file input38.cif (mmCIF, C-alpha atoms and all ligand atoms)
data_model
#
loop_
_atom_site.group_PDB
_atom_site.id
_atom_site.type_symbol
_atom_site.label_atom_id
_atom_site.label_comp_id
_atom_site.auth_asym_id
_atom_site.auth_seq_id
_atom_site.Cartn_x
_atom_site.Cartn_y
_atom_site.Cartn_z
ATOM 1 C CA MET A 71 -17.441 -27.659 -188.760
ATOM 2 C CA ARG A 72 -19.531 -30.690 -189.672
ATOM 3 C CA ILE A 73 -16.390 -32.814 -189.938
ATOM 4 C CA ALA A 74 -15.257 -31.630 -186.528
ATOM 5 C CA SER A 75 -18.531 -32.517 -184.845
ATOM 6 C CA GLY A 76 -18.595 -35.817 -186.726
ATOM 7 C CA LEU A 77 -15.135 -36.578 -185.414
ATOM 8 C CA ALA A 78 -16.182 -35.606 -181.923
ATOM 9 C CA LEU A 79 -19.144 -37.950 -182.164
ATOM 10 C CA LEU A 80 -16.926 -40.772 -183.402
ATOM 11 C CA PHE A 81 -14.562 -40.102 -180.534
ATOM 12 C CA ILE A 82 -17.366 -40.229 -177.999
ATOM 13 C CA LEU A 83 -18.677 -43.450 -179.531
ATOM 14 C CA ALA A 84 -15.208 -45.003 -179.571
ATOM 15 C CA CYS A 85 -14.487 -44.218 -175.930
ATOM 16 C CA PRO A 86 -14.875 -47.214 -173.642
ATOM 17 C CA VAL A 87 -18.207 -46.728 -171.936
ATOM 18 C CA PRO A 88 -18.278 -48.026 -168.363
ATOM 19 C CA ALA A 89 -20.567 -50.985 -167.932
ATOM 20 C CA ALA A 90 -24.153 -49.849 -167.618
ATOM 21 C CA ALA A 91 -25.151 -49.578 -164.007
ATOM 22 C CA ALA A 92 -27.915 -51.690 -162.607
ATOM 23 C CA ALA A 93 -31.321 -50.049 -162.822
ATOM 24 C CA GLY A 94 -32.001 -48.110 -159.635
ATOM 25 C CA ASP A 95 -28.309 -47.365 -159.325
ATOM 26 C CA GLU A 96 -28.708 -44.411 -161.689
ATOM 27 C CA GLY A 97 -29.508 -42.013 -158.878
ATOM 28 C CA ARG A 98 -26.428 -43.004 -156.897
ATOM 29 C CA LEU A 99 -24.149 -42.668 -159.924
ATOM 30 C CA LEU A 100 -25.574 -39.275 -160.811
ATOM 31 C CA TYR A 101 -25.184 -38.158 -157.229
ATOM 32 C CA GLU A 102 -21.571 -39.285 -156.914
ATOM 33 C CA ARG A 103 -20.605 -37.782 -160.255
ATOM 34 C CA GLN A 104 -22.502 -34.528 -160.233
ATOM 35 C CA CYS A 105 -23.473 -33.630 -156.681
ATOM 36 C CA ALA A 106 -21.149 -35.207 -154.066
ATOM 37 C CA ALA A 107 -18.436 -32.623 -154.601
ATOM 38 C CA CYS A 108 -20.734 -29.874 -153.277
ATOM 39 C CA HIS A 109 -23.240 -31.711 -151.098
ATOM 40 C CA THR A 110 -23.319 -34.405 -148.440
ATOM 41 C CA ILE A 111 -26.169 -36.559 -147.205
ATOM 42 C CA GLY A 112 -26.147 -36.228 -143.449
ATOM 43 C CA GLU A 113 -22.557 -35.047 -143.009
ATOM 44 C CA GLY A 114 -23.168 -31.328 -142.961
ATOM 45 C CA ASP A 115 -23.028 -28.467 -145.428
ATOM 46 C CA ARG A 116 -20.330 -28.140 -148.032
ATOM 47 C CA ILE A 117 -20.721 -25.614 -150.865
ATOM 48 C CA GLY A 118 -24.424 -26.309 -150.792
ATOM 49 C CA PRO A 119 -26.764 -27.521 -148.049
ATOM 50 C CA ASP A 120 -26.774 -30.992 -146.543
ATOM 51 C CA LEU A 121 -29.300 -32.921 -148.646
ATOM 52 C CA ALA A 122 -30.430 -35.317 -145.893
ATOM 53 C CA GLY A 123 -34.175 -35.024 -145.537
ATOM 54 C CA VAL A 124 -34.530 -32.633 -148.459
ATOM 55 C CA ASN A 125 -37.511 -34.629 -149.732
ATOM 56 C CA GLU A 126 -39.358 -33.849 -146.511
ATOM 57 C CA ARG A 127 -38.159 -30.238 -146.431
ATOM 58 C CA ARG A 128 -39.400 -29.165 -149.875
ATOM 59 C CA PRO A 129 -42.287 -29.995 -152.199
ATOM 60 C CA ARG A 130 -41.376 -32.466 -154.919
ATOM 61 C CA ASP A 131 -42.269 -30.046 -157.734
ATOM 62 C CA TRP A 132 -39.987 -27.431 -156.299
ATOM 63 C CA LEU A 133 -37.123 -29.938 -156.026
ATOM 64 C CA LEU A 134 -37.596 -31.133 -159.607
ATOM 65 C CA SER A 135 -37.519 -27.568 -160.941
ATOM 66 C CA PHE A 136 -34.577 -26.609 -158.786
ATOM 67 C CA VAL A 137 -32.406 -29.605 -159.631
ATOM 68 C CA THR A 138 -33.088 -29.250 -163.367
ATOM 69 C CA GLY A 139 -32.615 -25.460 -163.410
ATOM 70 C CA PRO A 140 -31.211 -23.826 -160.271
ATOM 71 C CA ASP A 141 -29.977 -20.812 -162.259
ATOM 72 C CA ARG A 142 -33.445 -20.246 -163.743
ATOM 73 C CA MET A 143 -35.127 -20.491 -160.338
ATOM 74 C CA ILE A 144 -32.790 -17.945 -158.781
ATOM 75 C CA ALA A 145 -33.001 -15.616 -161.784
ATOM 76 C CA ALA A 146 -36.796 -15.830 -161.665
ATOM 77 C CA GLY A 147 -36.700 -14.750 -158.013
ATOM 78 C CA ASP A 148 -38.200 -17.879 -156.458
ATOM 79 C CA PRO A 149 -38.153 -16.871 -152.764
ATOM 80 C CA VAL A 150 -36.771 -20.170 -151.418
ATOM 81 C CA ALA A 151 -34.112 -20.433 -154.117
ATOM 82 C CA VAL A 152 -33.034 -16.832 -153.541
ATOM 83 C CA ARG A 153 -32.862 -17.355 -149.776
ATOM 84 C CA LEU A 154 -30.645 -20.429 -150.277
ATOM 85 C CA TYR A 155 -28.489 -18.523 -152.736
ATOM 86 C CA GLU A 156 -27.976 -15.701 -150.205
ATOM 87 C CA ARG A 157 -27.252 -18.139 -147.418
ATOM 88 C CA TYR A 158 -24.760 -20.232 -149.404
ATOM 89 C CA ASN A 159 -22.359 -17.424 -150.212
ATOM 90 C CA ARG A 160 -24.117 -16.330 -153.384
ATOM 91 C CA ILE A 161 -22.803 -19.313 -155.284
ATOM 92 C CA VAL A 162 -25.319 -20.345 -157.915
ATOM 93 C CA MET A 163 -25.628 -24.099 -158.063
ATOM 94 C CA PRO A 164 -24.592 -24.958 -161.645
ATOM 95 C CA ASN A 165 -27.214 -26.037 -164.134
ATOM 96 C CA LEU A 166 -26.141 -29.608 -164.868
ATOM 97 C CA ASN A 167 -28.570 -30.057 -167.766
ATOM 98 C CA LEU A 168 -30.382 -32.893 -166.056
ATOM 99 C CA SER A 169 -33.675 -34.198 -167.327
ATOM 100 C CA GLU A 170 -36.710 -34.363 -165.086
ATOM 101 C CA GLU A 171 -36.308 -38.144 -165.070
ATOM 102 C CA GLN A 172 -32.749 -37.893 -163.805
ATOM 103 C CA ALA A 173 -33.820 -35.391 -161.169
ATOM 104 C CA GLY A 174 -36.457 -37.911 -160.063
ATOM 105 C CA GLN A 175 -33.820 -40.660 -159.798
ATOM 106 C CA LEU A 176 -31.663 -38.357 -157.730
ATOM 107 C CA LEU A 177 -34.479 -37.539 -155.320
ATOM 108 C CA GLU A 178 -35.195 -41.246 -154.967
ATOM 109 C CA TYR A 179 -31.560 -41.896 -154.155
ATOM 110 C CA LEU A 180 -31.509 -39.032 -151.629
ATOM 111 C CA ALA A 181 -34.554 -40.481 -149.894
ATOM 112 C CA LEU A 182 -32.935 -43.936 -149.632
ATOM 113 C CA ALA A 183 -29.404 -42.843 -148.792
ATOM 114 C CA ALA A 184 -30.144 -40.509 -145.908
ATOM 115 C CA PRO A 185 -30.215 -42.880 -142.931
ATOM 116 C CA ALA A 186 -27.220 -44.958 -144.055
ATOM 117 C CA ALA A 187 -24.944 -42.015 -144.703
ATOM 118 C CA ALA A 188 -25.801 -40.243 -141.472
ATOM 119 C CA ALA A 189 -24.068 -42.825 -139.267
ATOM 120 C CA PRO A 190 -20.307 -42.342 -139.918
ATOM 121 C CA ALA A 191 -20.409 -38.553 -139.441
ATOM 122 C CA ALA A 192 -20.105 -38.910 -135.679
ATOM 123 C CA ALA A 193 -16.763 -40.707 -136.024
ATOM 124 C CA VAL A 194 -15.025 -37.658 -137.491
ATOM 125 C CA THR A 195 -12.705 -36.153 -134.905
ATOM 126 C CA GLU A 196 -11.095 -32.731 -135.087
ATOM 127 C CA LEU A 197 -7.419 -32.788 -135.944
ATOM 128 C CA PRO A 198 -4.979 -30.837 -133.785
ATOM 129 C CA ARG A 199 -4.098 -27.348 -134.943
ATOM 130 C CA PRO A 200 -0.863 -27.018 -136.925
ATOM 131 C CA ALA A 201 2.305 -26.465 -134.931
ATOM 132 C CA LEU A 202 3.334 -22.864 -135.547
ATOM 133 C CA ALA A 203 6.901 -23.434 -134.450
ATOM 134 C CA GLY A 204 7.703 -26.055 -137.098
ATOM 135 C CA PRO A 205 10.577 -25.759 -139.566
ATOM 136 C CA GLN A 206 8.336 -24.355 -142.298
ATOM 137 C CA SER A 207 7.259 -21.475 -140.059
ATOM 138 C CA ARG A 208 10.927 -20.697 -139.431
ATOM 139 C CA VAL A 209 11.387 -20.316 -143.183
ATOM 140 C CA LEU A 210 8.618 -17.713 -143.129
ATOM 141 C CA GLN A 211 10.215 -15.931 -140.165
ATOM 142 C CA LEU A 212 13.599 -15.899 -141.933
ATOM 143 C CA PHE A 213 11.944 -14.547 -145.067
ATOM 144 C CA LEU A 214 10.359 -11.713 -143.083
ATOM 145 C CA VAL A 215 13.688 -10.809 -141.439
ATOM 146 C CA ILE A 216 15.506 -10.778 -144.803
ATOM 147 C CA SER A 217 12.709 -8.682 -146.329
ATOM 148 C CA ALA A 218 12.984 -6.161 -143.498
ATOM 149 C CA VAL A 219 16.767 -5.909 -144.028
ATOM 150 C CA ILE A 220 16.261 -5.339 -147.772
ATOM 151 C CA VAL A 221 13.691 -2.598 -147.107
ATOM 152 C CA LEU A 222 16.087 -0.902 -144.667
ATOM 153 C CA VAL A 223 19.006 -1.038 -147.116
ATOM 154 C CA PHE A 224 16.897 0.376 -149.957
ATOM 155 C CA THR A 225 15.601 3.156 -147.724
ATOM 156 C CA TRP A 226 19.142 3.994 -146.692
ATOM 157 C CA VAL A 227 20.310 4.031 -150.345
ATOM 158 C CA ALA A 228 17.357 6.192 -151.396
ATOM 159 C CA LEU A 229 18.039 8.699 -148.607
ATOM 160 C CA SER A 230 21.769 8.766 -149.435
ATOM 161 C CA THR A 231 21.067 10.075 -152.965
ATOM 162 C CA ARG A 232 19.828 13.431 -151.682
ATOM 163 C CA ASN A 233 23.280 14.972 -152.108
ATOM 164 C CA PRO A 234 25.700 14.078 -154.942
ATOM 165 C CA VAL A 235 28.702 12.026 -153.798
ATOM 166 C CA GLU A 236 31.859 11.040 -155.679
ATOM 167 C CA VAL A 237 31.952 7.211 -156.099
ATOM 168 C CA ASP A 238 34.985 5.121 -156.997
ATOM 169 C CA VAL A 239 33.280 2.975 -159.615
ATOM 170 C CA HIS A 240 36.187 0.513 -159.996
ATOM 171 C CA ARG A 241 36.199 -0.315 -156.308
ATOM 172 C CA ALA A 242 32.443 -0.725 -156.327
ATOM 173 C CA TYR A 243 32.656 -3.178 -159.215
ATOM 174 C CA SER A 244 35.357 -5.297 -157.598
ATOM 175 C CA ILE A 245 33.260 -5.500 -154.404
ATOM 176 C CA ARG A 246 30.365 -6.615 -156.507
ATOM 177 C CA ARG A 247 32.443 -9.423 -158.013
ATOM 178 C CA VAL A 248 33.543 -10.631 -154.587
ATOM 179 C CA LEU A 249 29.947 -10.535 -153.325
ATOM 180 C CA PHE A 250 28.807 -12.500 -156.356
ATOM 181 C CA VAL A 251 31.377 -15.246 -155.747
ATOM 182 C CA ILE A 252 30.424 -15.405 -152.063
ATOM 183 C CA ALA A 253 26.741 -15.697 -152.971
ATOM 184 C CA VAL A 254 27.394 -18.473 -155.525
ATOM 185 C CA VAL A 255 29.564 -20.452 -153.114
ATOM 186 C CA ALA A 256 27.041 -20.049 -150.287
ATOM 187 C CA LEU A 257 24.068 -21.093 -152.418
ATOM 188 C CA ALA A 258 25.904 -24.024 -154.031
ATOM 189 C CA GLY A 259 27.044 -25.159 -150.573
ATOM 190 C CA LEU A 260 23.497 -24.975 -149.217
ATOM 191 C CA LEU A 261 22.206 -26.886 -152.229
ATOM 192 C CA VAL A 262 24.761 -29.691 -151.803
ATOM 193 C CA LEU A 263 24.044 -29.896 -148.069
ATOM 194 C CA THR A 264 20.257 -29.926 -148.323
ATOM 195 C CA LEU A 265 19.589 -31.801 -151.566
ATOM 196 C CA PRO A 266 20.008 -35.268 -150.008
ATOM 197 C CA LYS A 267 17.371 -34.251 -147.433
ATOM 198 C CA ALA A 268 14.741 -33.562 -150.083
ATOM 199 C CA PRO A 269 11.834 -35.895 -149.272
ATOM 200 C CA TYR A 270 11.619 -37.330 -152.789
ATOM 201 C CA ALA A 271 12.608 -40.862 -153.745
ATOM 202 C CA ARG A 272 15.314 -41.493 -156.298
ATOM 203 C CA ALA A 273 14.237 -41.891 -159.902
ATOM 204 C CA GLY A 274 13.603 -45.528 -160.794
ATOM 205 C CA ALA A 275 12.709 -46.529 -157.236
ATOM 206 C CA GLU A 276 10.038 -49.241 -157.184
ATOM 207 C CA PRO A 277 7.000 -48.209 -155.167
ATOM 208 C CA ALA A 278 5.447 -50.825 -152.889
ATOM 209 C CA ARG A 279 2.039 -49.423 -153.707
ATOM 210 C CA VAL A 280 0.360 -47.282 -156.344
ATOM 211 C CA VAL A 281 -2.540 -45.021 -155.390
ATOM 212 C CA TYR A 282 -4.504 -43.114 -158.008
ATOM 213 C CA VAL A 283 -5.769 -39.669 -157.144
ATOM 214 C CA ALA A 284 -8.483 -37.856 -159.083
ATOM 215 C CA ALA A 285 -9.010 -34.252 -158.071
ATOM 216 C CA ARG A 286 -12.201 -32.442 -158.942
ATOM 217 C CA GLN A 287 -14.213 -29.461 -157.812
ATOM 218 C CA PHE A 288 -14.284 -29.917 -154.804
ATOM 219 C CA ASP A 289 -12.708 -33.078 -153.460
ATOM 220 C CA PHE A 290 -10.049 -35.723 -154.013
ATOM 221 C CA LEU A 291 -10.859 -39.340 -154.843
ATOM 222 C CA PHE A 292 -8.364 -42.104 -154.008
ATOM 223 C CA SER A 293 -8.581 -45.403 -155.886
ATOM 224 C CA GLU A 294 -6.595 -48.508 -156.843
ATOM 225 C CA GLU A 295 -7.401 -47.995 -160.520
ATOM 226 C CA PRO A 296 -7.316 -44.800 -162.530
ATOM 227 C CA ILE A 297 -10.366 -42.557 -162.684
ATOM 228 C CA VAL A 298 -9.967 -40.375 -165.751
ATOM 229 C CA SER A 299 -13.431 -39.000 -166.342
ATOM 230 C CA THR A 300 -16.519 -38.060 -164.416
ATOM 231 C CA ALA A 301 -18.295 -40.994 -166.072
ATOM 232 C CA GLU A 302 -16.091 -43.389 -164.087
ATOM 233 C CA VAL A 303 -16.869 -41.822 -160.722
ATOM 234 C CA GLY A 304 -19.132 -44.172 -158.803
ATOM 235 C CA ILE A 305 -18.100 -47.136 -160.948
ATOM 236 C CA VAL A 306 -14.389 -47.436 -160.160
ATOM 237 C CA PRO A 307 -14.311 -48.204 -156.416
ATOM 238 C CA THR A 308 -12.753 -45.444 -154.335
ATOM 239 C CA LEU A 309 -10.815 -45.725 -151.081
ATOM 240 C CA ALA A 310 -12.763 -43.819 -148.445
ATOM 241 C CA ASN A 311 -10.080 -44.336 -145.795
ATOM 242 C CA LEU A 312 -6.644 -44.574 -147.328
ATOM 243 C CA VAL A 313 -4.149 -46.254 -145.018
ATOM 244 C CA LEU A 314 -0.436 -46.278 -145.881
ATOM 245 C CA THR A 315 2.415 -48.064 -144.178
ATOM 246 C CA LYS A 316 5.250 -46.191 -142.517
ATOM 247 C CA ASP A 317 8.556 -46.324 -144.453
ATOM 248 C CA GLU A 318 6.853 -47.958 -147.434
ATOM 249 C CA LEU A 319 7.324 -46.157 -150.745
ATOM 250 C CA VAL A 320 4.020 -45.183 -152.330
ATOM 251 C CA GLU A 321 3.461 -43.689 -155.761
ATOM 252 C CA PHE A 322 0.568 -41.269 -156.127
ATOM 253 C CA ARG A 323 -0.637 -40.915 -159.731
ATOM 254 C CA VAL A 324 -2.425 -37.625 -159.683
ATOM 255 C CA THR A 325 -4.833 -36.276 -162.259
ATOM 256 C CA SER A 326 -7.811 -33.924 -162.391
ATOM 257 C CA LEU A 327 -11.312 -34.411 -163.768
ATOM 258 C CA ASP A 328 -11.943 -30.705 -164.389
ATOM 259 C CA VAL A 329 -9.551 -27.793 -163.811
ATOM 260 C CA ASN A 330 -6.010 -27.639 -162.452
ATOM 261 C CA HIS A 331 -5.712 -28.423 -158.761
ATOM 262 C CA GLY A 332 -2.762 -28.854 -156.448
ATOM 263 C CA PHE A 333 -2.136 -32.042 -154.456
ATOM 264 C CA GLY A 334 -0.399 -30.941 -151.256
ATOM 265 C CA LEU A 335 0.319 -33.608 -148.661
ATOM 266 C CA TYR A 336 0.737 -32.447 -145.052
ATOM 267 C CA GLY A 337 2.225 -34.598 -142.281
ATOM 268 C CA PRO A 338 0.859 -35.152 -138.753
ATOM 269 C CA ASP A 339 2.433 -31.879 -137.573
ATOM 270 C CA ARG A 340 0.795 -30.023 -140.511
ATOM 271 C CA GLN A 341 4.066 -29.357 -142.313
ATOM 272 C CA ILE A 342 3.950 -30.004 -146.048
ATOM 273 C CA VAL A 343 5.816 -33.190 -146.981
ATOM 274 C CA ALA A 344 5.137 -33.606 -150.707
ATOM 275 C CA GLN A 345 3.176 -31.952 -153.469
ATOM 276 C CA THR A 346 2.439 -32.109 -157.168
ATOM 277 C CA GLN A 347 -0.043 -30.551 -159.568
ATOM 278 C CA ALA A 348 -3.287 -32.252 -160.561
ATOM 279 C CA MET A 349 -3.860 -31.533 -164.242
ATOM 280 C CA PRO A 350 -6.660 -32.763 -166.511
ATOM 281 C CA GLY A 351 -5.330 -35.170 -169.137
ATOM 282 C CA TYR A 352 -2.083 -35.944 -167.299
ATOM 283 C CA PHE A 353 -0.947 -38.246 -164.532
ATOM 284 C CA ASN A 354 1.713 -36.669 -162.365
ATOM 285 C CA ARG A 355 3.665 -39.256 -160.429
ATOM 286 C CA LEU A 356 4.645 -38.438 -156.898
ATOM 287 C CA LEU A 357 6.860 -40.899 -155.055
ATOM 288 C CA PHE A 358 6.500 -40.535 -151.335
ATOM 289 C CA ARG A 359 7.823 -42.418 -148.324
ATOM 290 C CA PRO A 360 5.937 -41.619 -145.108
ATOM 291 C CA LEU A 361 8.480 -41.455 -142.305
ATOM 292 C CA ALA A 362 6.137 -40.704 -139.425
ATOM 293 C CA PRO A 363 2.900 -42.466 -138.465
ATOM 294 C CA GLY A 364 -0.233 -40.437 -137.872
ATOM 295 C CA GLU A 365 -2.987 -38.493 -139.627
ATOM 296 C CA TYR A 366 -1.912 -36.865 -142.870
ATOM 297 C CA LYS A 367 -3.997 -34.382 -144.771
ATOM 298 C CA VAL A 368 -4.219 -33.436 -148.428
ATOM 299 C CA PHE A 369 -5.106 -29.853 -149.273
ATOM 300 C CA CYS A 370 -5.619 -28.330 -152.707
ATOM 301 C CA LEU A 371 -2.726 -25.986 -153.403
ATOM 302 C CA GLU A 372 -4.179 -24.184 -156.373
ATOM 303 C CA TYR A 373 -7.135 -21.861 -156.094
ATOM 304 C CA CYS A 374 -9.741 -23.613 -158.230
ATOM 305 C CA ALA A 375 -13.048 -21.762 -157.521
ATOM 306 C CA ALA A 376 -15.320 -20.949 -154.613
ATOM 307 C CA GLY A 377 -15.109 -24.374 -152.943
ATOM 308 C CA HIS A 378 -11.317 -24.553 -153.006
ATOM 309 C CA HIS A 379 -11.062 -24.527 -149.202
ATOM 310 C CA LEU A 380 -13.266 -27.636 -149.039
ATOM 311 C CA MET A 381 -10.734 -29.714 -150.944
ATOM 312 C CA GLN A 382 -9.254 -31.562 -147.988
ATOM 313 C CA VAL A 383 -9.036 -35.279 -147.372
ATOM 314 C CA ARG A 384 -7.213 -37.215 -144.742
ATOM 315 C CA LEU A 385 -5.178 -40.390 -144.889
ATOM 316 C CA THR A 386 -3.556 -42.451 -142.192
ATOM 317 C CA VAL A 387 -0.036 -43.820 -141.915
ATOM 318 C CA ASN A 388 0.439 -46.804 -139.581
HETATM 319 CU CU CU A 401 -8.235 -25.753 -155.242
#
call {"tool": "encode", "arguments": {"input": "input38.cif", "output": "structure tokens"}}
result
Amino acid sequence: MRIASGLALLFILACPVPAAAAAGDEGRLLYERQCAACHTIGEGDRIGPDLAGVNERRPRDWLLSFVTGPDRMIAAGDPVAVRLYERYNRIVMPNLNLSEEQAGQLLEYLALAAPAAAAPAAAVTELPRPALAGPQSRVLQLFLVISAVIVLVFTWVALSTRNPVEVDVHRAYSIRRVLFVIAVVALAGLLVLTLPKAPYARAGAEPARVVYVAARQFDFLFSEEPIVSTAEVGIVPTLANLVLTKDELVEFRVTSLDVNHGFGLYGPDRQIVAQTQAMPGYFNRLLFRPLAPGEYKVFCLEYCAAGHHLMQVRLTVN
């Protein structure tokens, strides 16, 4: 046990520690690492309330206690904390084991950041609704039709067993063999016909650009350099507006900072065009060539906790 914790300590000490941030930057770093996934400053509610103006809204003592122990405040029945908890879908803000000093730095940052962050919110425009008649919806329709046929056939077979019937087993088996060959030929034919249309680049293709993706609860961060731990969030610069070039091969290197997520890329018509898993400790490479210009959107494809639906980011292809 002691050896294990000693090793863990050595490991922590040996890990490259990102350059110490300038004093006064602590609040921003803490915010980007620990809070930004659930809160915004002036861009509306996410999992938790918009934190713009929170310093004016609540007494400082209350804020310090809440940020250092939200679970304790709710458990103790603090009326404001309980009201927030009820209003925000009964999700308890996690206790992030922050010290009072860190909470103070965060509040300072929130006070400074509010006016600056409020500006870009107005620029966000609603994207058009997905086209329901696209090819991927037709796959769903086909699936429903085939399912209905299977249900009908099974019902018919079940009803037909009410009275015993003589069956020529040999004939039945030879039909089965013929059906099997037909199925194999049909599926192999479909595979050969559709495989070249798969939207994935050939192995060994050289991407024109590499984009790193770090998924976390509950957003995606794009960057030019890898982000492999929460400690690097806020230090490695991220790309707030990722712009790709039409027809140019891009390689996404996708990882996760916490649990498994899915990286699902949807084209301008909201049909999925590429996807891979985001797993902690791994980089999954996804080669992708955008063929159409427009607004693309990334959604998380793996249910990852209460804020899963908030994991959406957009990127543009010109
Ligand atoms: Cu998710």
call {"tool": "residues_around", "arguments": {"input": "input38.cif", "residues": "segment 351-353 of chain A", "least_positions_apart": "2", "cutoff": "12 Å", "atoms": "only C-alpha atoms", "output": "list of chain:residue names"}}
result
A:Val281, A:Tyr282, A:Val283, A:Ala284, A:Ala285, A:Pro296, A:Ile297, A:Val298, A:Ser299, A:Glu321, A:Phe322, A:Arg323, A:Val324, A:Thr325, A:Ser326, A:Leu327, A:Asp328, A:Val329, A:Asn330, A:His331, A:Phe333, A:Thr346, A:Gln347, A:Ala348, A:Met349, A:Arg355, A:Leu356
call {"tool": "residues_around", "arguments": {"input": "input38.cif", "residues": "Asp148 of chain A", "least_positions_apart": "5", "cutoff": "10 Å", "atoms": "only C-alpha atoms", "output": "list of chain:residue names"}}
result
A:Trp132, A:Phe136, A:Pro140, A:Arg142, A:Met143, A:Arg153
call {"tool": "residues_around", "arguments": {"input": "input38.cif", "residues": "Ala271 of chain A", "least_positions_apart": "6", "cutoff": "8 Å", "atoms": "all atoms listed in the file", "output": "PyMOL selection string"}}
result
chain A and resi 357-359
call {"tool": "residues_near_ligand", "arguments": {"input": "input38.cif", "ligand": "ligand CU 401 (chain A)", "cutoff": "6 Å", "atoms": "all atoms listed in the file", "output": "list in words"}}
result
His331, Cys370, Leu371, Glu372, Tyr373, Cys374 and His378 of chain A
call {"tool": "write_last_selection", "arguments": {"input": "input38.cif", "atoms": "C-alpha atoms", "output": "PDB file, in the coordinates of the input"}}
result
ATOM      1  CA  HIS A 331      -5.712 -28.423-158.761  1.00  0.00           C
ATOM      2  CA  CYS A 370      -5.619 -28.330-152.707  1.00  0.00           C
ATOM      3  CA  LEU A 371      -2.726 -25.986-153.403  1.00  0.00           C
ATOM      4  CA  GLU A 372      -4.179 -24.184-156.373  1.00  0.00           C
ATOM      5  CA  TYR A 373      -7.135 -21.861-156.094  1.00  0.00           C
ATOM      6  CA  CYS A 374      -9.741 -23.613-158.230  1.00  0.00           C
ATOM      7  CA  HIS A 378     -11.317 -24.553-153.006  1.00  0.00           C
TER       8      HIS A 378
END
call {"tool": "atom_distance", "arguments": {"input": "input38.cif", "atom1": "atom CA of Gln287 of chain A", "atom2": "atom CA of Gly377 of chain A"}}
result
7.1 Å
call {"tool": "atom_distance", "arguments": {"input": "input38.cif", "atom1": "atom CA of Gly204 of chain A", "atom2": "atom CA of Asn354 of chain A"}}
result
28.1 Å
